[in-house]
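Novice: Next comes model_20.tsv, TSV, C-alpha atoms:
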```
chain	number	residue	atom	x	y	z
N	4	MET	CA	90.30	-2.17	-40.90
N	5	THR	CA	88.84	1.33	-40.87
N	6	MET	CA	85.27	1.62	-42.13
N	7	ALA	CA	84.43	4.68	-44.17
N	8	GLN	CA	82.00	7.24	-42.78
N	9	ALA	CA	79.63	9.07	-45.13
N	10	LEU	CA	80.58	12.69	-45.71
N	11	THR	CA	77.92	15.33	-46.25
N	12	LEU	CA	77.98	17.07	-49.62
N	13	ASN	CA	75.60	19.91	-50.43
N	14	VAL	CA	73.96	19.74	-53.83
N	15	LEU	CA	71.31	21.73	-55.67
N	16	PRO	CA	68.58	20.35	-57.95
N	17	ARG	CA	69.12	20.93	-61.67
N	18	ASP	CA	65.97	21.24	-63.77
N	19	LYS	CA	67.34	20.76	-67.27
N	20	ALA	CA	69.74	18.35	-68.92
N	21	GLY	CA	71.91	19.11	-71.92
N	22	LYS	CA	75.08	21.00	-72.77
N	23	GLY	CA	73.45	24.42	-72.50
N	24	SER	CA	72.29	23.80	-68.95
N	25	ALA	CA	75.68	22.33	-68.00
N	26	ARG	CA	77.56	25.34	-69.41
N	27	ALA	CA	75.26	27.73	-67.57
N	28	ALA	CA	75.89	25.87	-64.31
N	29	ARG	CA	79.66	26.04	-64.79
N	30	ARG	CA	79.48	29.79	-65.45
N	31	ASP	CA	77.80	30.11	-62.04
N	32	GLY	CA	80.63	28.18	-60.30
N	33	LEU	CA	78.69	24.93	-60.18
N	34	VAL	CA	79.55	21.44	-61.40
N	35	PRO	CA	76.78	19.35	-63.04
N	36	ALA	CA	76.23	15.86	-61.62
N	37	VAL	CA	73.79	12.97	-61.86
N	38	ILE	CA	72.57	10.49	-59.22
N	39	TYR	CA	71.56	7.10	-60.64
N	40	GLY	CA	71.03	3.45	-59.71
N	41	ALA	CA	69.01	1.44	-57.16
N	42	LYS	CA	66.24	1.04	-59.75
N	43	LYS	CA	65.21	4.69	-59.34
N	44	PRO	CA	65.04	7.47	-61.94
N	45	PRO	CA	68.24	9.51	-62.35
N	46	VAL	CA	68.30	12.88	-60.58
N	47	MET	CA	70.26	15.84	-61.97
N	48	VAL	CA	72.03	18.08	-59.47
N	49	THR	CA	74.86	20.59	-59.23
N	50	ILE	CA	77.73	20.94	-56.72
N	51	LYS	CA	79.60	24.08	-55.77
N	52	LEU	CA	82.94	23.97	-57.57
N	53	ASN	CA	84.99	25.15	-54.58
N	54	GLU	CA	83.44	22.49	-52.29
N	55	LEU	CA	84.13	19.74	-54.84
N	56	ILE	CA	87.75	20.83	-55.33
N	57	ALA	CA	88.26	20.81	-51.54
N	58	LEU	CA	87.03	17.20	-51.40
N	59	LEU	CA	89.22	16.18	-54.36
N	60	ASN	CA	92.27	17.69	-52.65
N	61	ARG	CA	91.66	15.46	-49.60
N	62	GLY	CA	92.25	12.39	-51.76
N	63	GLY	CA	90.24	9.17	-52.13
N	64	PHE	CA	87.21	10.92	-53.60
N	65	LEU	CA	86.03	7.89	-55.59
N	66	SER	CA	86.21	5.52	-52.60
N	67	HIS	CA	84.27	7.67	-50.08
N	68	GLN	CA	80.57	7.52	-49.41
N	69	TYR	CA	78.64	10.79	-49.46
N	70	GLU	CA	75.25	11.81	-48.18
N	71	LEU	CA	73.50	14.19	-50.53
N	72	SER	CA	70.42	16.20	-49.62
N	73	VAL	CA	68.19	16.81	-52.65
N	74	ASP	CA	64.88	18.62	-52.13
N	75	GLY	CA	64.83	17.49	-48.52
N	76	LYS	CA	65.54	13.86	-49.37
N	77	LYS	CA	68.86	12.30	-48.40
N	78	GLU	CA	70.69	10.01	-50.80
N	79	ARG	CA	73.65	7.81	-49.79
N	80	VAL	CA	75.95	7.68	-52.82
N	81	LEU	CA	79.38	6.68	-54.07
N	82	PRO	CA	81.14	8.68	-56.82
N	83	ARG	CA	81.68	6.41	-59.82
N	84	ASP	CA	83.20	8.81	-62.32
N	85	ILE	CA	84.46	12.37	-62.50
N	86	GLN	CA	85.23	14.18	-65.75
N	87	LEU	CA	88.06	16.71	-65.67
N	88	HIS	CA	88.99	19.43	-68.15
N	89	PRO	CA	91.85	18.03	-70.30
N	90	VAL	CA	94.00	21.14	-69.82
N	91	THR	CA	93.06	22.73	-66.48
N	92	ASP	CA	91.89	19.57	-64.61
N	93	THR	CA	88.82	21.54	-63.50
N	94	PRO	CA	85.93	19.17	-62.59
N	95	LEU	CA	83.30	19.17	-65.34
N	96	HIS	CA	80.83	16.45	-64.30
N	97	VAL	CA	80.33	13.82	-61.59
N	98	ASP	CA	78.39	10.54	-61.66
N	99	PHE	CA	77.04	9.34	-58.30
N	100	LEU	CA	75.78	5.79	-57.71
N	101	ARG	CA	73.00	5.30	-55.16
N	102	LEU	CA	73.96	2.81	-52.47
N	103	ALA	CA	71.10	0.39	-52.02
N	104	LYS	CA	71.04	-1.74	-48.89
N	105	GLY	CA	72.10	-5.31	-49.61
N	106	SER	CA	73.92	-4.50	-52.84
N	107	LYS	CA	77.66	-4.68	-53.45
N	108	VAL	CA	80.08	-2.30	-55.15
N	109	THR	CA	83.67	-2.59	-56.36
N	110	VAL	CA	86.09	-0.07	-54.88
N	111	GLU	CA	89.83	0.52	-54.66
N	112	VAL	CA	90.70	0.54	-50.95
N	113	PRO	CA	94.05	2.11	-49.91
N	114	VAL	CA	96.53	0.03	-47.90
N	115	HIS	CA	97.95	1.50	-44.68
N	116	PHE	CA	100.86	0.00	-42.71
N	117	PHE	CA	101.51	0.44	-38.99
N	118	ASN	CA	103.93	-0.73	-36.27
N	119	GLU	CA	106.95	-0.10	-38.51
N	120	GLU	CA	109.02	0.56	-35.35
N	121	LYS	CA	108.17	-2.96	-34.07
N	122	CYS	CA	108.91	-4.74	-37.35
N	123	ALA	CA	111.92	-7.07	-36.89
N	124	GLY	CA	112.75	-6.94	-40.60
N	125	LEU	CA	112.80	-3.15	-40.74
N	126	LYS	CA	114.83	-2.92	-37.52
N	127	ARG	CA	117.42	-5.17	-39.15
N	128	GLY	CA	117.71	-2.72	-42.04
N	129	GLY	CA	115.15	-4.29	-44.34
N	130	VAL	CA	113.08	-2.19	-46.71
N	131	LEU	CA	109.28	-2.20	-47.01
N	132	ASN	CA	108.62	-2.79	-50.70
N	133	ILE	CA	104.96	-1.93	-51.40
N	134	VAL	CA	103.61	-3.85	-54.38
N	135	ARG	CA	100.01	-2.60	-54.10
N	136	HIS	CA	99.12	0.76	-52.59
N	137	GLU	CA	95.42	-0.10	-53.15
N	138	VAL	CA	93.48	-3.34	-53.31
N	139	GLU	CA	90.28	-3.71	-55.33
N	140	LEU	CA	87.49	-5.24	-53.24
N	141	ASN	CA	83.87	-6.21	-53.68
N	142	VAL	CA	82.19	-4.76	-50.59
N	143	PRO	CA	78.71	-4.14	-49.16
N	144	ALA	CA	77.44	-0.85	-50.59
N	145	THR	CA	76.53	0.54	-47.19
N	146	ASP	CA	79.68	-0.66	-45.37
N	147	ILE	CA	82.73	0.35	-47.39
N	148	PRO	CA	86.19	0.05	-45.76
N	149	GLU	CA	88.15	3.30	-45.73
N	150	SER	CA	91.48	1.47	-45.58
N	151	ILE	CA	93.16	-1.92	-45.25
N	152	ASP	CA	95.38	-1.71	-42.14
N	153	ILE	CA	98.37	-4.09	-42.02
N	154	ASP	CA	100.34	-4.69	-38.81
N	155	LEU	CA	104.05	-5.07	-39.65
N	156	ALA	CA	105.12	-6.17	-36.15
N	157	SER	CA	105.42	-9.88	-36.99
N	158	PHE	CA	107.24	-9.64	-40.33
N	159	ASP	CA	110.96	-10.22	-40.92
N	160	VAL	CA	113.40	-9.83	-43.81
N	161	GLY	CA	112.32	-11.95	-46.76
N	162	ASP	CA	108.67	-12.14	-45.73
N	163	SER	CA	105.86	-11.50	-48.21
N	164	ILE	CA	102.62	-9.91	-47.04
N	165	LYS	CA	99.86	-11.57	-49.04
N	166	ILE	CA	96.13	-10.90	-49.19
N	167	SER	CA	95.55	-14.14	-47.23
N	168	THR	CA	97.32	-12.59	-44.21
N	169	VAL	CA	94.86	-9.67	-44.11
N	170	SER	CA	91.64	-9.91	-42.09
N	171	LEU	CA	88.93	-8.36	-44.26
N	172	PRO	CA	85.56	-7.32	-42.81
N	173	GLU	CA	82.63	-9.65	-43.26
N	174	GLY	CA	81.18	-9.41	-46.76
N	175	CYS	CA	84.37	-7.94	-48.26
N	176	GLU	CA	86.41	-9.96	-50.75
N	177	PRO	CA	89.17	-9.18	-53.25
N	178	THR	CA	88.22	-9.06	-56.91
N	179	ILE	CA	91.30	-11.18	-57.69
N	180	THR	CA	90.32	-14.68	-56.55
N	181	ASP	CA	92.55	-16.96	-58.63
N	182	ARG	CA	95.75	-16.39	-56.62
N	183	ASP	CA	97.08	-15.30	-53.23
N	184	PHE	CA	98.58	-12.04	-54.45
N	185	THR	CA	101.33	-10.05	-52.73
N	186	ILE	CA	100.64	-6.65	-51.20
N	187	ALA	CA	104.17	-5.92	-49.91
N	188	THR	CA	107.49	-7.56	-49.04
N	189	ILE	CA	110.24	-6.91	-46.51
N	190	ALA	CA	113.29	-6.80	-48.77
N	191	ALA	CA	116.82	-7.46	-47.51
N	192	PRO	CA	119.08	-4.41	-47.13
N	193	SER	CA	121.75	-3.95	-49.81
N	194	SER	CA	124.52	-4.80	-47.30
N	195	MET	CA	122.87	-8.12	-46.49
N	196	ARG	CA	122.40	-8.89	-50.18
N	197	SER	CA	126.05	-8.13	-50.97
N	198	GLU	CA	127.21	-10.39	-48.10
N	199	GLU	CA	125.02	-13.22	-49.38
N	200	SER	CA	126.39	-12.65	-52.87
N	201	GLU	CA	129.99	-12.78	-51.60
N	202	GLU	CA	129.27	-15.98	-49.66
N	203	SER	CA	127.71	-17.51	-52.77
N	204	GLU	CA	130.74	-16.53	-54.89
N	205	GLU	CA	133.14	-17.96	-52.29
N	206	ALA	CA	131.21	-21.23	-52.20
N	207	GLU	CA	131.28	-21.44	-56.01
N	208	THR	CA	135.06	-20.77	-55.99
N	209	GLU	CA	135.64	-23.52	-53.41
N	210	GLU	CA	133.54	-25.97	-55.43
N	211	SER	CA	135.48	-25.10	-58.58
N	212	SER	CA	138.85	-25.62	-56.87
N	213	GLU	CA	137.73	-29.02	-55.60
N	214	ASP	CA	136.77	-30.22	-59.09
```
As structure tokens, how would this structure be written, given the file I've shared?
Specialist:
Amino acid sequence: MTMAQALTLNVLPRDKAGKGSARAARRDGLVPAVIYGAKKPPVMVTIKLNELIALLNRGGFLSHQYELSVDGKKERVLPRDIQLHPVTDTPLHVDFLRLAKGSKVTVEVPVHFFNEEKCAGLKRGGVLNIVRHEVELNVPATDIPESIDIDLASFDVGDSIKISTVSLPEGCEPTITDRDFTIATIAAPSSMRSEESEESEEAETEESSED
């Protein structure tokens, strides 16, 4: 399990709220944003558009922690929402949640697989069928996993990889608690399935001839 590191994001204070102020910021190549939560007053800021687009292009923007410096004070935050232009997909506004120590947040954590070359099922021609590319977890606000890493070495054809087989960090738990849900399976190759089908048909034919 890889734990996420906070990335630094430069922001500028924004004095006024409202559509006029937001439009003026966008004309200057800035994206309006707000920092809220942790029982503190909201703080209005702006982000340079090119820096924000670069972070969005990296992927996983909404599941990464960021450290913002506002008037000399550092804020540890998690993006909770980003508004995009309906036609151009240009970022229009970002909501940041302050991460208070001891609190929990809900995040979508991407699933990564490794040791494919050691997986018996894949070596036999099986196919990794990914059911969930991300898993929603309740996690400590200041200790958010960057990924769920699953070792495929011990899995064979027909095996299901369920959430119960994954070792989650202390304090992290799936939001789905009423069932042991499947993350991925090692499916049989088509050749193996056709052979099984032929064997099944032959057995049915033999049983019919005996009747």
Novice: Counting all atoms listed in the file, which residues come within 12 Å of (101.3, -9.8, -48.6), with the point read in the file's coordinates, and could you list them as a ChimeraX atom specification?
Specialist: /N:114,116,131-136,138,151-155,158,161-170,182-189
Novice: For range 110-113 of chain N, take all atoms listed in the file, fit an axis-aligned box around them, add 8 Å to each of the six sides, then output centre and edge lengths in Å rounded to one decimal, as lines of an AutoDock Vina configuration file.
Specialist:
```
center_x = 90.1
center_y = 1.0
center_z = -52.4
size_x = 24.0
size_y = 18.2
size_z = 21.0
```
Novice: One number please: CA of Thr180 in chain N to CA of Ser157 in chain N, in Å, one decimal.
Specialist: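 Here the two named atoms are 25.2 Å from each other.
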Novice: Hey, can you check how far CA of Tyr39 in chain N sits from CA of Arg61 in chain N?
Specialist: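 Atom-to-atom, CA of Tyr39 in chain N to CA of Arg61 in chain N, that is 24.4 Å.
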Novice: Which distance in Å separates CA of Leu10 in chain N and CA of His96 in chain N, to one decimal?
Specialist: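 Distance between the two atoms: 19.0 Å.
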Novice: What lies within 10 Å of Asp74 in chain N using all atoms listed in the file, ignoring chain neighbours under 6 positions off, as a list in words?
Specialist: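 Answer for this query is Val14, Leu15 and Pro16 of chain N.
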Novice: Determine the nearest neighbour of Gly105 in chain N from the options N:His67, N:Met47, N:Val142, N:Lys22, counting all atoms listed in the file.
Specialist: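 Of N:His67, N:Met47, N:Val142, N:Lys22, the one nearest Gly105 in chain N is N:Val142, counting all atoms listed in the file.
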Novice: Could you check which of N:Val46, N:Ala156, N:Pro177, N:Asn60 is closest to Val110 in chain N, using only C-alpha atoms?
Specialist: N:Pro177
Novice: Name the closest residue to Leu87 in chain N among the candidates N:Val34, N:Ala123, N:Leu140, N:Val130; distances are taken between atoms, counting only C-alpha atoms.
Specialist: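 The answer is N:Val34, which sits nearest to Leu87 in chain N.
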Novice: At most 6 Å from (74.0, 5.4, -51.9), file frame, only C-alpha atoms: which residues, as number ranges by chain?
Specialist: N: 78-81, 101-103
Novice: Restricting the calculation to only C-alpha atoms, which member of N:Pro113, N:Phe99, N:Val90, N:Phe64 is positioned closest to Val48 in chain N?
Specialist: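 Closest candidate: N:Phe99.
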Novice: Could you check which of N:Leu52, N:Ile147, N:Ala57, N:Ile38 is closest to Leu100 in chain N, using all atoms listed in the file?
Specialist: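 Using all atoms listed in the file, Leu100 in chain N sits closest to N:Ile38.
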Novice: Would you mind telling me which residue in N:Gln86, N:Asn13, N:Thr91, N:Thr178 lies nearest to Thr49 in chain N when using all atoms listed in the file?
Specialist: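 Of all the options, N:Asn13 lies closest to Thr49 in chain N.
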Novice: Neighbours of Asp84 in chain N within 8 Å (all atoms listed in the file; same-chain residues fewer than 3 positions away dropped), as a compact mmCIF listing (two decimals) with C-alpha atoms, keeping the file's coordinate frame?
Specialist:
```
# COMPACT_ATOMS: atom_id res chain seq x y z
CA LEU N 65 86.03 7.89 -55.59
CA VAL N 97 80.33 13.82 -61.59
CA ASP N 98 78.39 10.54 -61.66
CA PHE N 99 77.04 9.34 -58.30
```
